[in-house]
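Trainee: The structure under discussion is supplied below as structure tokens; questions concerning it will follow.
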Amino acid sequence: MALTAPGPGPTPLPLASPGFVLLVATLGMFVLMYVVLRRSYPRRKRGFEGYRDAAGVSLGFLLFAVVLVVTVVMHDPDGNRTSYALYETILTGYWLAFAIPVVTVGSSVEARSRRAIRWFLPSVLVAGLMFFAIFGYYYGIGT
């Protein structure tokens, strides 16, 4: 079974799904938290640094996830195995539930050690490997 590029196929990939709504709502909650912080404490630099430190990795992953899913669905509303696997890898939430904390820990360890302990890049690589493992699972069961 050879891997093919995302393309048209028999499987519907709707944006109107509970997984996508939850993904967008989570991203929206982070944006709302930033707006409330900005309005409530406009001159508190440490507050914004704390927000950036705590939310930076999560925001990056959530933005990546939304862009990937929207791109796949806009490209192929009815997708092939590859499109289905990308869609499910993100919207089931398993990958994000694993990747966000792993990369957050790696980022925090590296930042707090003033880059003496280089854990950020290895944590991103581990998250990438997990992405491909979950993608492979959904590719294997794709319709």
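Going by the structure tokens order, chains are called A, B, ..., each with residues numbered from 1, while ligands are numbered from 1 in the order shown.
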Tell me which protein, DNA and RNA residues are within 12 Å of A:Glu49, counting only C-alpha atoms, leaving out same-chain ones fewer than 5 positions away, and put them as a ChimeraX atom specification.

Mentor: /A:34,37-38,43-44,54-56

Trainee: Would you mind telling me which residue in A:Val57, A:Leu68, A:Ala111, A:Leu63 lies nearest to A:Ser83 when using only C-alpha atoms?

Mentor: A:Leu68

Trainee: Please give the complete set of residues from stretch 6-116 of chain A that DSSP, run on the backbone, assigns to strand (DSSP E), formatted as a ChimeraX atom specification.

Mentor: /A:8-12,78-79

Trainee: Measuring atom to atom with only C-alpha atoms, identify which of A:Gly79, A:Leu91, A:Phe48, A:Gly60 is nearest to A:Leu22.

Mentor: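 Of all the options, A:Leu91 lies closest to A:Leu22.
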
Trainee: When you draw a straight line from atom CA of A:Ile90 to atom CA of A:Leu125, how long is it in Å?

Mentor: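 Going from atom CA of A:Ile90 over to atom CA of A:Leu125 covers 17.0 Å.
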
Trainee: Between atom CA of A:Thr4 and atom CA of A:Ile141, measure the distance and give it in Å to one decimal.

Mentor: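 For atom CA of A:Thr4 relative to atom CA of A:Ile141, the distance reads 14.6 Å.
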
Trainee: Interatomic distance between atom CA of A:Asp76 and atom CA of A:Ser17?

Mentor: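 The value is 15.7 Å.
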
Trainee: Give me the residues within 12 Å of A:Gly93 as a ChimeraX atom specification, counting only C-alpha atoms and dropping any in the same chain fewer than 2 places off.

Mentor: /A:18-23,26,61-62,65-66,86-91,95-100,131,134-135

Trainee: Output the selection as a PDB file, in the first residue's frame - N, CA and C atoms for each residue.

Mentor:
ATOM      1  N   PRO A  18     -17.644  17.707  15.444  1.00  0.00           N
ATOM      2  CA  PRO A  18     -17.346  18.056  16.841  1.00  0.00           C
ATOM      3  C   PRO A  18     -15.854  18.312  17.076  1.00  0.00           C
ATOM      4  N   GLY A  19     -14.988  17.531  16.446  1.00  0.00           N
ATOM      5  CA  GLY A  19     -13.548  17.710  16.622  1.00  0.00           C
ATOM      6  C   GLY A  19     -13.059  19.056  16.143  1.00  0.00           C
ATOM      7  N   PHE A  20     -13.552  19.499  14.989  1.00  0.00           N
ATOM      8  CA  PHE A  20     -13.124  20.788  14.460  1.00  0.00           C
ATOM      9  C   PHE A  20     -13.683  21.934  15.301  1.00  0.00           C
ATOM     10  N   VAL A  21     -14.931  21.812  15.714  1.00  0.00           N
ATOM     11  CA  VAL A  21     -15.532  22.847  16.564  1.00  0.00           C
ATOM     12  C   VAL A  21     -14.742  22.978  17.863  1.00  0.00           C
ATOM     13  N   LEU A  22     -14.386  21.855  18.472  1.00  0.00           N
ATOM     14  CA  LEU A  22     -13.604  21.879  19.707  1.00  0.00           C
ATOM     15  C   LEU A  22     -12.218  22.479  19.478  1.00  0.00           C
ATOM     16  N   LEU A  23     -11.597  22.151  18.363  1.00  0.00           N
ATOM     17  CA  LEU A  23     -10.288  22.708  18.023  1.00  0.00           C
ATOM     18  C   LEU A  23     -10.352  24.230  17.892  1.00  0.00           C
ATOM     19  N   THR A  26     -11.059  25.872  21.291  1.00  0.00           N
ATOM     20  CA  THR A  26      -9.853  25.908  22.130  1.00  0.00           C
ATOM     21  C   THR A  26      -8.930  27.030  21.700  1.00  0.00           C
ATOM     22  N   PHE A  61       0.765  24.786  18.059  1.00  0.00           N
ATOM     23  CA  PHE A  61       0.158  23.524  17.641  1.00  0.00           C
ATOM     24  C   PHE A  61      -1.295  23.710  17.201  1.00  0.00           C
ATOM     25  N   LEU A  62      -2.051  24.509  17.936  1.00  0.00           N
ATOM     26  CA  LEU A  62      -3.453  24.717  17.572  1.00  0.00           C
ATOM     27  C   LEU A  62      -3.582  25.426  16.225  1.00  0.00           C
ATOM     28  N   ALA A  65      -2.740  22.943  13.549  1.00  0.00           N
ATOM     29  CA  ALA A  65      -3.824  21.981  13.389  1.00  0.00           C
ATOM     30  C   ALA A  65      -4.982  22.571  12.588  1.00  0.00           C
ATOM     31  N   VAL A  66      -5.394  23.789  12.925  1.00  0.00           N
ATOM     32  CA  VAL A  66      -6.505  24.421  12.204  1.00  0.00           C
ATOM     33  C   VAL A  66      -6.131  24.621  10.735  1.00  0.00           C
ATOM     34  N   LEU A  86      -4.688  12.478   7.553  1.00  0.00           N
ATOM     35  CA  LEU A  86      -4.307  13.801   8.076  1.00  0.00           C
ATOM     36  C   LEU A  86      -5.445  14.397   8.903  1.00  0.00           C
ATOM     37  N   TYR A  87      -6.637  14.331   8.360  1.00  0.00           N
ATOM     38  CA  TYR A  87      -7.840  14.859   9.009  1.00  0.00           C
ATOM     39  C   TYR A  87      -8.056  14.192  10.374  1.00  0.00           C
ATOM     40  N   GLU A  88      -8.017  12.881  10.413  1.00  0.00           N
ATOM     41  CA  GLU A  88      -8.261  12.152  11.651  1.00  0.00           C
ATOM     42  C   GLU A  88      -7.121  12.317  12.664  1.00  0.00           C
ATOM     43  N   THR A  89      -5.901  12.387  12.185  1.00  0.00           N
ATOM     44  CA  THR A  89      -4.757  12.562  13.087  1.00  0.00           C
ATOM     45  C   THR A  89      -4.931  13.823  13.919  1.00  0.00           C
ATOM     46  N   ILE A  90      -5.423  14.876  13.302  1.00  0.00           N
ATOM     47  CA  ILE A  90      -5.628  16.137  14.015  1.00  0.00           C
ATOM     48  C   ILE A  90      -6.925  16.116  14.821  1.00  0.00           C
ATOM     49  N   LEU A  91      -8.028  15.770  14.183  1.00  0.00           N
ATOM     50  CA  LEU A  91      -9.333  15.965  14.827  1.00  0.00           C
ATOM     51  C   LEU A  91      -9.688  14.931  15.886  1.00  0.00           C
ATOM     52  N   TRP A  95      -3.076  13.116  18.854  1.00  0.00           N
ATOM     53  CA  TRP A  95      -1.755  13.677  18.602  1.00  0.00           C
ATOM     54  C   TRP A  95      -1.551  14.970  19.372  1.00  0.00           C
ATOM     55  N   LEU A  96      -2.519  15.864  19.347  1.00  0.00           N
ATOM     56  CA  LEU A  96      -2.371  17.123  20.081  1.00  0.00           C
ATOM     57  C   LEU A  96      -2.268  16.881  21.582  1.00  0.00           C
ATOM     58  N   ALA A  97      -3.022  15.920  22.089  1.00  0.00           N
ATOM     59  CA  ALA A  97      -2.965  15.613  23.522  1.00  0.00           C
ATOM     60  C   ALA A  97      -1.590  15.099  23.928  1.00  0.00           C
ATOM     61  N   PHE A  98      -0.885  14.481  23.014  1.00  0.00           N
ATOM     62  CA  PHE A  98       0.469  13.996  23.281  1.00  0.00           C
ATOM     63  C   PHE A  98       1.511  15.076  23.001  1.00  0.00           C
ATOM     64  N   ALA A  99       1.410  15.707  21.840  1.00  0.00           N
ATOM     65  CA  ALA A  99       2.464  16.603  21.366  1.00  0.00           C
ATOM     66  C   ALA A  99       2.573  17.891  22.176  1.00  0.00           C
ATOM     67  N   ILE A 100       1.462  18.492  22.527  1.00  0.00           N
ATOM     68  CA  ILE A 100       1.518  19.779  23.226  1.00  0.00           C
ATOM     69  C   ILE A 100       2.255  19.666  24.559  1.00  0.00           C
ATOM     70  N   PHE A 131       3.246  12.066  15.389  1.00  0.00           N
ATOM     71  CA  PHE A 131       2.331  12.468  14.324  1.00  0.00           C
ATOM     72  C   PHE A 131       2.312  11.393  13.241  1.00  0.00           C
ATOM     73  N   ILE A 134       0.586   8.110  14.404  1.00  0.00           N
ATOM     74  CA  ILE A 134      -0.880   8.208  14.411  1.00  0.00           C
ATOM     75  C   ILE A 134      -1.405   8.327  12.984  1.00  0.00           C
ATOM     76  N   PHE A 135      -0.704   9.113  12.155  1.00  0.00           N
ATOM     77  CA  PHE A 135      -1.066   9.216  10.737  1.00  0.00           C
ATOM     78  C   PHE A 135      -1.050   7.821  10.100  1.00  0.00           C
TER      79      PHE A 135
END

Trainee: Report as a PyMOL selection string: the residues of chain A with a DSSP assignment of helix (DSSP H, G or I), based on the backbone of this structure.

Mentor: chain A and resi 18-40+45-75+81-91+94-112+120-141

Trainee: Output C-alpha atoms for every residue in that selection, as a compact mmCIF listing (two decimals), in the first residue's frame.

Mentor:
# COMPACT_ATOMS: atom_id res chain seq x y z
CA PRO A 18 -17.35 18.06 16.84
CA GLY A 19 -13.55 17.71 16.62
CA PHE A 20 -13.12 20.79 14.46
CA VAL A 21 -15.53 22.85 16.56
CA LEU A 22 -13.60 21.88 19.71
CA LEU A 23 -10.29 22.71 18.02
CA VAL A 24 -11.47 26.17 16.97
CA ALA A 25 -13.12 26.78 20.36
CA THR A 26 -9.85 25.91 22.13
CA LEU A 27 -7.91 28.27 19.89
CA GLY A 28 -10.57 30.93 20.50
CA MET A 29 -10.25 30.46 24.27
CA PHE A 30 -6.50 31.18 24.06
CA VAL A 31 -7.19 34.32 22.05
CA LEU A 32 -9.87 35.41 24.52
CA MET A 33 -7.47 34.85 27.42
CA TYR A 34 -4.91 37.07 25.69
CA VAL A 35 -7.49 39.82 25.07
CA VAL A 36 -8.65 39.74 28.70
CA LEU A 37 -5.05 39.85 29.93
CA ARG A 38 -4.23 42.73 27.59
CA ARG A 39 -7.30 44.75 28.62
CA SER A 40 -7.08 44.03 32.33
CA LYS A 45 5.17 42.87 30.97
CA ARG A 46 5.68 39.82 33.19
CA GLY A 47 2.08 38.80 32.68
CA PHE A 48 2.53 38.79 28.91
CA GLU A 49 5.82 36.93 29.23
CA GLY A 50 4.09 34.34 31.38
CA TYR A 51 1.27 34.02 28.88
CA ARG A 52 3.72 33.64 26.01
CA ASP A 53 5.76 31.05 27.92
CA ALA A 54 2.72 29.05 28.94
CA ALA A 55 0.63 29.37 25.78
CA GLY A 56 3.25 29.69 23.05
CA VAL A 57 3.61 25.99 22.27
CA SER A 58 -0.12 25.35 22.55
CA LEU A 59 -0.96 28.23 20.23
CA GLY A 60 1.60 27.02 17.70
CA PHE A 61 0.16 23.52 17.64
CA LEU A 62 -3.45 24.72 17.57
CA LEU A 63 -2.78 27.10 14.69
CA PHE A 64 -0.93 24.38 12.80
CA ALA A 65 -3.82 21.98 13.39
CA VAL A 66 -6.50 24.42 12.20
CA VAL A 67 -4.50 25.37 9.10
CA LEU A 68 -3.79 21.73 8.23
CA VAL A 69 -7.40 20.60 8.61
CA VAL A 70 -8.84 23.58 6.73
CA THR A 71 -6.28 23.14 3.94
CA VAL A 72 -7.04 19.42 3.57
CA VAL A 73 -10.81 19.95 3.62
CA MET A 74 -10.70 22.89 1.20
CA HIS A 75 -8.45 20.93 -1.15
CA ARG A 81 -6.66 7.72 2.40
CA THR A 82 -3.97 10.35 2.91
CA SER A 83 -6.45 13.20 3.31
CA TYR A 84 -8.50 11.05 5.70
CA ALA A 85 -5.42 10.15 7.77
CA LEU A 86 -4.31 13.80 8.08
CA TYR A 87 -7.84 14.86 9.01
CA GLU A 88 -8.26 12.15 11.65
CA THR A 89 -4.76 12.56 13.09
CA ILE A 90 -5.63 16.14 14.02
CA LEU A 91 -9.33 15.96 14.83
CA TYR A 94 -4.74 12.07 20.27
CA TRP A 95 -1.75 13.68 18.60
CA LEU A 96 -2.37 17.12 20.08
CA ALA A 97 -2.97 15.61 23.52
CA PHE A 98 0.47 14.00 23.28
CA ALA A 99 2.46 16.60 21.37
CA ILE A 100 1.52 19.78 23.23
CA PRO A 101 2.67 18.66 26.69
CA VAL A 102 5.82 16.96 25.36
CA VAL A 103 6.95 20.05 23.48
CA THR A 104 5.87 22.36 26.32
CA VAL A 105 8.10 20.43 28.73
CA GLY A 106 11.00 20.44 26.27
CA SER A 107 10.60 24.16 25.70
CA SER A 108 10.34 24.93 29.39
CA VAL A 109 13.40 22.86 30.33
CA GLU A 110 15.47 24.56 27.64
CA ALA A 111 14.24 28.05 28.56
CA ARG A 112 14.68 27.62 32.32
CA PHE A 120 13.19 21.75 22.61
CA LEU A 121 14.28 20.28 19.27
CA PRO A 122 14.28 16.67 20.54
CA SER A 123 10.76 17.18 21.92
CA VAL A 124 9.60 18.53 18.55
CA LEU A 125 11.13 15.48 16.85
CA VAL A 126 9.33 13.15 19.28
CA ALA A 127 6.06 14.98 18.55
CA GLY A 128 6.75 14.63 14.81
CA LEU A 129 7.38 10.90 15.17
CA MET A 130 4.13 10.53 17.08
CA PHE A 131 2.33 12.47 14.32
CA PHE A 132 3.57 9.99 11.74
CA ALA A 133 2.72 7.02 13.96
CA ILE A 134 -0.88 8.21 14.41
CA PHE A 135 -1.07 9.22 10.74
CA GLY A 136 0.11 5.70 9.82
CA TYR A 137 -2.58 4.17 11.98
CA TYR A 138 -5.34 6.18 10.30
CA TYR A 139 -3.81 5.66 6.88
CA GLY A 140 -3.95 1.92 7.48
CA ILE A 141 -7.64 1.94 8.44
